>>> print(open('final.csv').read())   # CSV, C-alpha atoms
chain,number,residue,atom,x,y,z
K,1158,MET,CA,61.1,68.4,77.7
K,1159,ARG,CA,64.1,69.4,79.8
K,1160,ARG,CA,67.4,69.2,78.0
K,1161,THR,CA,70.4,67.7,79.7
K,1162,THR,CA,73.9,69.2,79.1
K,1163,LEU,CA,77.1,67.2,79.5
K,1164,LYS,CA,79.4,70.2,80.1
K,1165,PRO,CA,79.4,70.0,84.0
K,1166,PHE,CA,80.1,66.2,83.8
K,1167,LEU,CA,82.9,66.7,81.3
K,1168,LYS,CA,84.5,69.4,83.4
K,1169,ILE,CA,84.3,67.1,86.5
K,1170,ALA,CA,85.9,64.3,84.5
K,1171,MET,CA,88.6,66.5,83.1
K,1172,CYS,CA,89.5,67.9,86.6
K,1173,ALA,CA,89.5,64.5,88.1
K,1174,SER,CA,91.9,63.2,85.4
K,1175,ALA,CA,94.1,66.2,85.8
K,1176,LEU,CA,94.3,65.7,89.6
K,1177,PHE,CA,95.0,62.0,89.2
K,1178,VAL,CA,97.9,62.7,86.8
K,1179,ALA,CA,99.2,65.5,88.9
K,1180,ILE,CA,99.2,63.5,92.2
K,1181,SER,CA,100.7,60.5,90.5
K,1182,SER,CA,103.5,62.6,88.9
K,1183,HIS,CA,104.2,64.3,92.2
K,1184,GLU,CA,104.5,61.0,94.0
K,1185,LEU,CA,106.8,59.7,91.2
K,1186,PHE,CA,109.0,62.7,91.5
K,1187,ALA,CA,109.2,62.3,95.3
K,1188,GLN,CA,110.4,58.7,94.9
K,1189,THR,CA,113.0,59.6,92.4
K,1190,THR,CA,116.1,61.9,92.7
K,1191,MET,CA,115.1,64.8,90.5
K,1192,SER,CA,116.6,68.2,89.9
K,1193,ASN,CA,115.2,71.4,91.4
K,1194,ASP,CA,113.7,72.4,88.0
K,1195,SER,CA,111.8,69.1,87.7
K,1196,SER,CA,110.5,69.3,91.3
K,1197,SER,CA,109.3,72.9,90.7
K,1198,ALA,CA,107.6,71.8,87.5
K,1199,ALA,CA,105.8,69.0,89.3
K,1200,ALA,CA,104.6,71.4,92.1
K,1201,GLU,CA,103.4,73.8,89.5
K,1202,ILE,CA,101.4,71.1,87.6
K,1203,THR,CA,99.8,70.1,90.9
K,1204,SER,CA,99.0,73.7,91.9
K,1205,LYS,CA,97.4,74.6,88.6
K,1206,SER,CA,95.3,71.4,88.6
K,1207,VAL,CA,94.0,72.2,92.1
K,1208,TYR,CA,93.1,75.8,91.0
K,1209,CYS,CA,91.4,74.4,87.8
K,1210,CYS,CA,89.1,72.3,89.9
K,1211,GLY,CA,88.2,75.2,92.2
K,1212,LEU,CA,89.5,73.6,95.3
K,1213,HIS,CA,91.7,76.6,96.1
K,1214,ASP,CA,91.5,80.4,95.7
K,1215,ASP,CA,93.6,81.7,92.9
K,1216,PRO,CA,96.5,83.6,94.4
K,1217,VAL,CA,96.4,87.4,94.2
K,1218,LYS,CA,98.7,88.6,91.4
K,1219,PRO,CA,100.0,92.2,91.1
K,1220,ALA,CA,98.4,92.5,87.6
K,1221,GLU,CA,95.0,91.5,89.0
K,1222,SER,CA,95.2,93.5,92.3
K,1223,PRO,CA,95.9,97.2,92.6
K,1224,VAL,CA,96.9,96.7,96.2
K,1225,ALA,CA,99.4,94.0,95.4
K,1226,GLU,CA,100.7,96.1,92.4
K,1227,VAL,CA,101.5,99.1,94.6
K,1228,SER,CA,102.9,96.9,97.4
K,1229,THR,CA,105.2,94.9,95.0
K,1230,ARG,CA,106.5,98.0,93.2
K,1231,ARG,CA,107.0,100.0,96.5
K,1232,SER,CA,105.4,102.9,94.7
K,1233,TRP,CA,105.7,106.6,95.0
K,1234,GLU,CA,102.4,108.5,95.7
K,1235,ILE,CA,101.2,112.0,95.3
K,1236,SER,CA,97.8,112.9,96.8
K,1237,PRO,CA,95.8,116.1,96.9
K,1238,PHE,CA,93.5,116.1,99.9
K,1239,LEU,CA,91.0,118.1,101.9
K,1240,SER,CA,90.6,117.9,105.7
K,1241,TYR,CA,88.0,119.1,108.2
K,1242,ALA,CA,88.6,119.1,112.0
K,1243,ASN,CA,86.6,120.0,115.1
K,1244,GLY,CA,88.1,121.0,118.5
K,1245,LEU,CA,87.3,119.0,121.6
K,1246,PRO,CA,86.5,120.3,125.1
K,1247,ASP,CA,89.2,120.3,127.8
K,1248,ASN,CA,87.9,120.0,131.3
K,1249,ASP,CA,91.3,121.1,132.7
K,1250,SER,CA,91.4,124.5,130.9
K,1251,ALA,CA,89.3,127.6,130.9
K,1252,ASP,CA,89.9,127.9,127.2
K,1253,GLN,CA,87.4,125.5,125.7
K,1254,ARG,CA,87.9,124.5,122.0
K,1255,GLN,CA,84.7,122.6,121.1
K,1256,ASP,CA,83.6,125.6,119.1
K,1257,PHE,CA,86.8,125.6,116.9
K,1258,ARG,CA,86.5,124.4,113.3
K,1259,PHE,CA,89.3,123.8,110.9
K,1260,LEU,CA,89.5,123.5,107.1
K,1261,MET,CA,92.7,122.4,105.4
K,1262,GLY,CA,93.8,121.5,101.9
K,1263,GLY,CA,97.1,120.4,100.4
K,1264,VAL,CA,99.2,117.8,98.7
K,1265,GLU,CA,101.0,114.7,100.2
K,1266,VAL,CA,104.0,113.0,98.7
K,1267,GLY,CA,105.4,109.7,99.9
K,1268,LYS,CA,106.9,106.3,99.1
K,1269,ILE,CA,106.6,102.7,100.3
K,1270,LEU,CA,110.1,101.9,101.6
K,1271,THR,CA,110.2,98.3,102.6
K,1272,PRO,CA,109.1,94.9,101.5
K,1273,VAL,CA,106.4,93.2,103.4
K,1274,VAL,CA,107.4,92.6,107.0
K,1275,HIS,CA,105.6,89.5,108.4
K,1276,ALA,CA,104.5,90.0,112.0
K,1277,GLY,CA,101.2,88.1,112.3
K,1278,PRO,CA,98.2,90.4,112.3
K,1279,PHE,CA,100.6,93.4,112.2
K,1280,SER,CA,102.2,92.3,108.9
K,1281,GLY,CA,102.7,95.2,106.5
K,1282,GLN,CA,105.0,97.7,104.9
K,1283,PHE,CA,106.6,101.0,106.1
K,1284,HIS,CA,105.5,104.1,104.2
K,1285,PHE,CA,107.2,107.5,104.7
K,1286,ALA,CA,105.5,110.7,103.6
K,1287,GLY,CA,105.1,114.4,104.1
K,1288,ASN,CA,102.6,117.1,103.1
K,1289,ILE,CA,102.1,120.8,102.7
K,1290,MET,CA,98.8,122.6,103.3
K,1291,PRO,CA,98.7,126.1,101.7
K,1292,LEU,CA,95.1,126.2,102.8
K,1293,TRP,CA,94.8,126.3,106.6
K,1294,GLN,CA,91.9,128.0,108.3
K,1295,ALA,CA,90.7,128.0,111.8
K,1296,PHE,CA,87.1,129.3,112.5
K,1297,THR,CA,86.9,130.4,116.2
K,1298,PRO,CA,84.1,132.2,118.1
K,1299,ALA,CA,84.0,136.0,117.5
K,1300,SER,CA,85.6,138.4,119.9
K,1301,HIS,CA,83.8,138.1,123.3
K,1302,GLU,CA,84.3,138.5,127.0
K,1303,GLN,CA,85.6,135.6,129.1
K,1304,VAL,CA,86.2,135.0,132.8
K,1305,TYR,CA,89.8,134.1,133.7
K,1306,THR,CA,91.2,132.9,137.0
K,1307,ASN,CA,94.8,133.4,136.0
K,1308,CYS,CA,94.8,137.1,135.4
K,1309,PRO,CA,97.6,139.6,134.4
K,1310,LEU,CA,98.9,141.7,137.2
K,1311,THR,CA,97.8,144.9,135.5
K,1312,VAL,CA,94.1,143.8,135.4
K,1313,PRO,CA,91.9,144.6,138.5
K,1314,LEU,CA,90.4,141.5,140.1
K,1315,GLU,CA,86.8,140.9,140.9
K,1316,PRO,CA,85.8,139.9,144.5
K,1317,SER,CA,86.0,136.3,143.5
K,1318,GLY,CA,89.6,136.7,142.5
K,1319,ALA,CA,88.8,136.3,138.8
K,1320,CYS,CA,88.8,138.9,136.0
K,1321,THR,CA,86.8,139.4,132.8
K,1322,LEU,CA,88.8,140.0,129.7
K,1323,GLU,CA,88.0,140.5,126.0
K,1324,VAL,CA,89.1,137.5,123.9
K,1325,GLY,CA,90.0,137.7,120.3
K,1326,GLY,CA,88.4,135.4,117.7
K,1327,GLY,CA,87.2,135.1,114.1
K,1328,ILE,CA,88.9,133.3,111.2
K,1329,TYR,CA,92.6,132.6,111.3
K,1330,HIS,CA,94.6,131.9,108.1
K,1331,GLY,CA,97.9,130.1,107.8
K,1332,ILE,CA,100.0,127.4,106.2
K,1333,SER,CA,101.1,124.0,107.6
K,1334,ILE,CA,103.9,121.7,106.7
K,1335,THR,CA,104.0,118.1,108.0
K,1336,PRO,CA,107.5,116.8,107.0
K,1337,VAL,CA,107.4,113.6,109.0
K,1338,ILE,CA,104.6,111.0,108.4
K,1339,PHE,CA,105.4,107.5,109.6
K,1340,ARG,CA,102.7,105.2,108.1
K,1341,TRP,CA,102.2,101.4,108.4
K,1342,ASN,CA,100.3,99.8,105.5
K,1343,PHE,CA,98.7,96.6,106.7
K,1344,LEU,CA,99.1,93.4,104.6
K,1345,THR,CA,95.6,92.6,103.3
K,1346,ARG,CA,94.0,89.9,101.1
K,1347,SER,CA,91.7,92.5,99.5
K,1348,ARG,CA,92.4,93.5,96.0
K,1349,ARG,CA,91.1,97.1,96.5
K,1350,ILE,CA,91.1,98.0,100.2
K,1351,GLN,CA,94.2,98.6,102.4
K,1352,PRO,CA,94.1,99.8,106.0
K,1353,TRP,CA,96.9,101.8,107.7
K,1354,PHE,CA,97.8,103.7,110.8
K,1355,GLN,CA,100.2,106.6,111.2
K,1356,ALA,CA,102.1,109.0,113.5
K,1357,ALA,CA,103.1,112.4,112.3
K,1358,ALA,CA,104.4,115.8,113.3
K,1359,GLY,CA,104.1,119.2,111.7
K,1360,VAL,CA,104.4,122.9,112.1
K,1361,ILE,CA,101.8,125.7,111.5
K,1362,TYR,CA,102.3,129.4,110.8
K,1363,THR,CA,99.3,131.8,111.1
K,1364,THR,CA,99.1,135.4,110.1
K,1365,HIS,CA,97.9,136.3,113.7
K,1366,LYS,CA,98.8,134.7,117.0
K,1367,PHE,CA,96.9,131.5,117.5
K,1368,PRO,CA,94.9,130.3,119.4
K,1369,PRO,CA,93.0,133.5,120.3
K,1370,ASP,CA,93.7,134.9,123.7
K,1371,PHE,CA,92.9,138.1,125.6
K,1372,PHE,CA,94.2,141.2,124.0
K,1373,VAL,CA,97.6,142.4,125.3
K,1374,PRO,CA,100.3,144.7,124.0
K,1375,PRO,CA,103.1,142.8,122.2
K,1376,GLY,CA,105.6,141.3,124.7
K,1377,THR,CA,103.2,141.5,127.6
K,1378,PRO,CA,102.7,138.1,129.4
K,1379,GLY,CA,99.6,136.5,128.0
K,1380,GLY,CA,100.3,136.5,124.3
K,1381,THR,CA,100.3,133.3,122.2
K,1382,SER,CA,102.3,132.7,119.0
K,1383,VAL,CA,102.1,132.7,115.2
K,1384,TRP,CA,104.1,129.4,115.3
K,1385,ASN,CA,102.5,126.2,116.5
K,1386,PHE,CA,103.4,122.5,116.3
K,1387,SER,CA,101.0,119.7,115.4
K,1388,PRO,CA,101.9,116.2,116.7
K,1389,GLN,CA,99.2,113.7,115.6
K,1390,GLY,CA,98.2,110.1,115.0
K,1391,GLY,CA,95.5,108.3,113.3
K,1392,ILE,CA,94.1,105.5,111.2
K,1393,GLY,CA,92.7,105.2,107.7
K,1394,LEU,CA,92.2,103.1,104.6
K,1395,ARG,CA,92.6,103.5,100.8
K,1396,TYR,CA,90.2,102.2,98.2
K,1397,PHE,CA,91.7,101.5,94.8
K,1398,THR,CA,89.3,102.5,92.0
K,1399,ARG,CA,91.7,101.0,89.4
K,1400,SER,CA,95.4,100.4,88.8
K,1401,ARG,CA,97.5,103.0,90.6
K,1402,ARG,CA,94.6,105.2,91.6
K,1403,SER,CA,93.0,105.2,95.1
K,1404,ILE,CA,90.6,107.2,97.2
K,1405,ASP,CA,92.1,107.7,100.7
K,1406,PHE,CA,90.1,108.2,104.0
K,1407,GLY,CA,91.7,109.1,107.3
K,1408,VAL,CA,90.9,110.1,110.9
K,1409,ASN,CA,93.5,111.8,113.0
K,1410,ALA,CA,93.7,113.2,116.5
K,1411,VAL,CA,95.8,116.4,116.3
K,1412,HIS,CA,97.3,118.5,119.2
K,1413,ILE,CA,98.2,122.1,118.4
K,1414,SER,CA,100.7,123.8,120.7
K,1415,SER,CA,103.4,126.5,120.5
K,1416,ALA,CA,105.7,124.7,122.8
K,1417,SER,CA,105.8,127.9,124.8
K,1418,LEU,CA,107.2,130.0,122.0
K,1419,GLY,CA,104.7,132.6,123.0
K,1420,ASP,CA,104.3,134.1,126.5
K,1421,LYS,CA,101.3,131.9,127.0
K,1422,ASN,CA,100.6,128.5,125.6
K,1423,PRO,CA,96.9,127.5,125.9
K,1424,GLY,CA,97.1,125.4,122.8
K,1425,VAL,CA,94.3,123.3,121.3
K,1426,ASN,CA,94.6,120.1,123.3
K,1427,ALA,CA,92.8,117.9,120.8
K,1428,SER,CA,91.0,118.1,117.6
K,1429,ILE,CA,89.5,115.3,115.4
K,1430,GLN,CA,90.5,115.6,111.8
K,1431,VAL,CA,88.7,113.8,108.9
K,1432,GLN,CA,90.7,113.7,105.6
K,1433,VAL,CA,89.8,112.6,102.1
K,1434,GLY,CA,92.3,112.4,99.3
K,1435,TYR,CA,92.8,111.0,95.8
K,1436,THR,CA,96.1,109.3,95.2
K,1437,PHE,CA,98.2,108.9,92.1
K,1438,TRP,CA,100.7,106.0,92.4
K,1439,LYS,CA,103.9,105.8,90.3
>>> encode(input="final.csv", output="structure tokens")
Amino acid sequence: MRRTTLKPFLKIAMCASALFVAISSHELFAQTTMSNDSSSAAAEITSKSVYCCGLHDDPVKPAESPVAEVSTRRSWEISPFLSYANGLPDNDSADQRQDFRFLMGGVEVGKILTPVVHAGPFSGQFHFAGNIMPLWQAFTPASHEQVYTNCPLTVPLEPSGACTLEVGGGIYHGISITPVIFRWNFLTRSRRIQPWFQAAAGVIYTTHKFPPDFFVPPGTPGGTSVWNFSPQGGIGLRYFTRSRRSIDFGVNAVHISSASLGDKNPGVNASIQVQVGYTFWK
């Protein structure tokens, strides 16, 4: 024989009673001149009664939400990370970069600086950060011959007006510093996931002139530079595994250019960078 339990009915009855008392109390307080403390107490009783009956979601509290905890504390963060990037073709240049590969690793340090700024779907907080990448490697095609239309004056031209020159290549090593990262952390209802977007600018030093170009004596027009700049922008999200710990995922579009510090500035017009990090929040 099927047994009947009274627990669901008792809970419904208790909630109904609590709601009746709360609503009656609230109406009584509204009709009577009360102090701010009394009004607040009445509102709190009503709110808790509604939550008890399951008619409203329990508000996210910092202690229960790693996202809210970091947001409320305006925490510092330190994040070791690894990045992989791939060059993109440039139809306006003879120097194609789709065969370029990049591997980077470093540490980011930053802090949430502002309280939540309410701006509709763009509500969020301003986050400032910077990073250093002791590991910076570019994998480019090996030395090869390439046809150029913009040729040095000292090189004989072919009947077509072009010339064939040997282009350097191989693996380039360096270090990169990104001292300016402006990040916007979007306000979210999720307890564990927080999206963001950012704009940043950095500088790269390589042990040989980058990107590879045709071989020329030092000082001869055509040389690139060991110093390059890296303006960039991207989007990402962080997933909190527990309190003050998160895994971060990001995708950036990065431009690499010497700003004409060298005699020639072919640059790497665009590369797509994928980044994964693990963040410690303080």
>>> residues_around(input="final.csv", residues="Arg1254 of chain K", least_positions_apart="5", cutoff="9 Å", atoms="all atoms listed in the file", output="PyMOL selection string")
chain K and resi 1243-1247+1297+1425-1428
>>> closest_residue(input="final.csv", among="K:Tyr1241, K:Trp1233, K:Trp1353, K:Phe1397", to="Gln1430 of chain K", atoms="only C-alpha atoms")
K:Tyr1241
>>> closest_residue(input="final.csv", among="K:Tyr1396, K:Arg1231, K:Ile1338, K:Ile1413", to="Lys1439 of chain K", atoms="all atoms listed in the file")
K:Arg1231
>>> closest_residue(input="final.csv", among="K:Gly1359, K:Pro1237, K:Gly1267, K:Pro1369", to="Gly1434 of chain K", atoms="only C-alpha atoms")
K:Pro1237
>>> closest_residue(input="final.csv", among="K:Phe1386, K:Phe1437, K:Trp1341, K:Phe1283", to="Thr1271 of chain K", atoms="all atoms listed in the file")
K:Phe1283
>>> closest_residue(input="final.csv", among="K:Gly1263, K:Gly1287, K:Gly1390, K:Pro1368", to="Glu1234 of chain K", atoms="only C-alpha atoms")
K:Gly1287
>>> atom_distance(input="final.csv", atom1="atom CA of Ile1429 of chain K", atom2="atom CA of Asn1409 of chain K")
5.8 Å
>>> closest_residue(input="final.csv", among="K:Ile1361, K:Leu1344, K:Ala1410, K:Ala1242", to="Gln1255 of chain K", atoms="only C-alpha atoms")
K:Ala1242
>>> atom_distance(input="final.csv", atom1="atom CA of Ser1236 of chain K", atom2="atom CA of Ser1403 of chain K")
9.2 Å
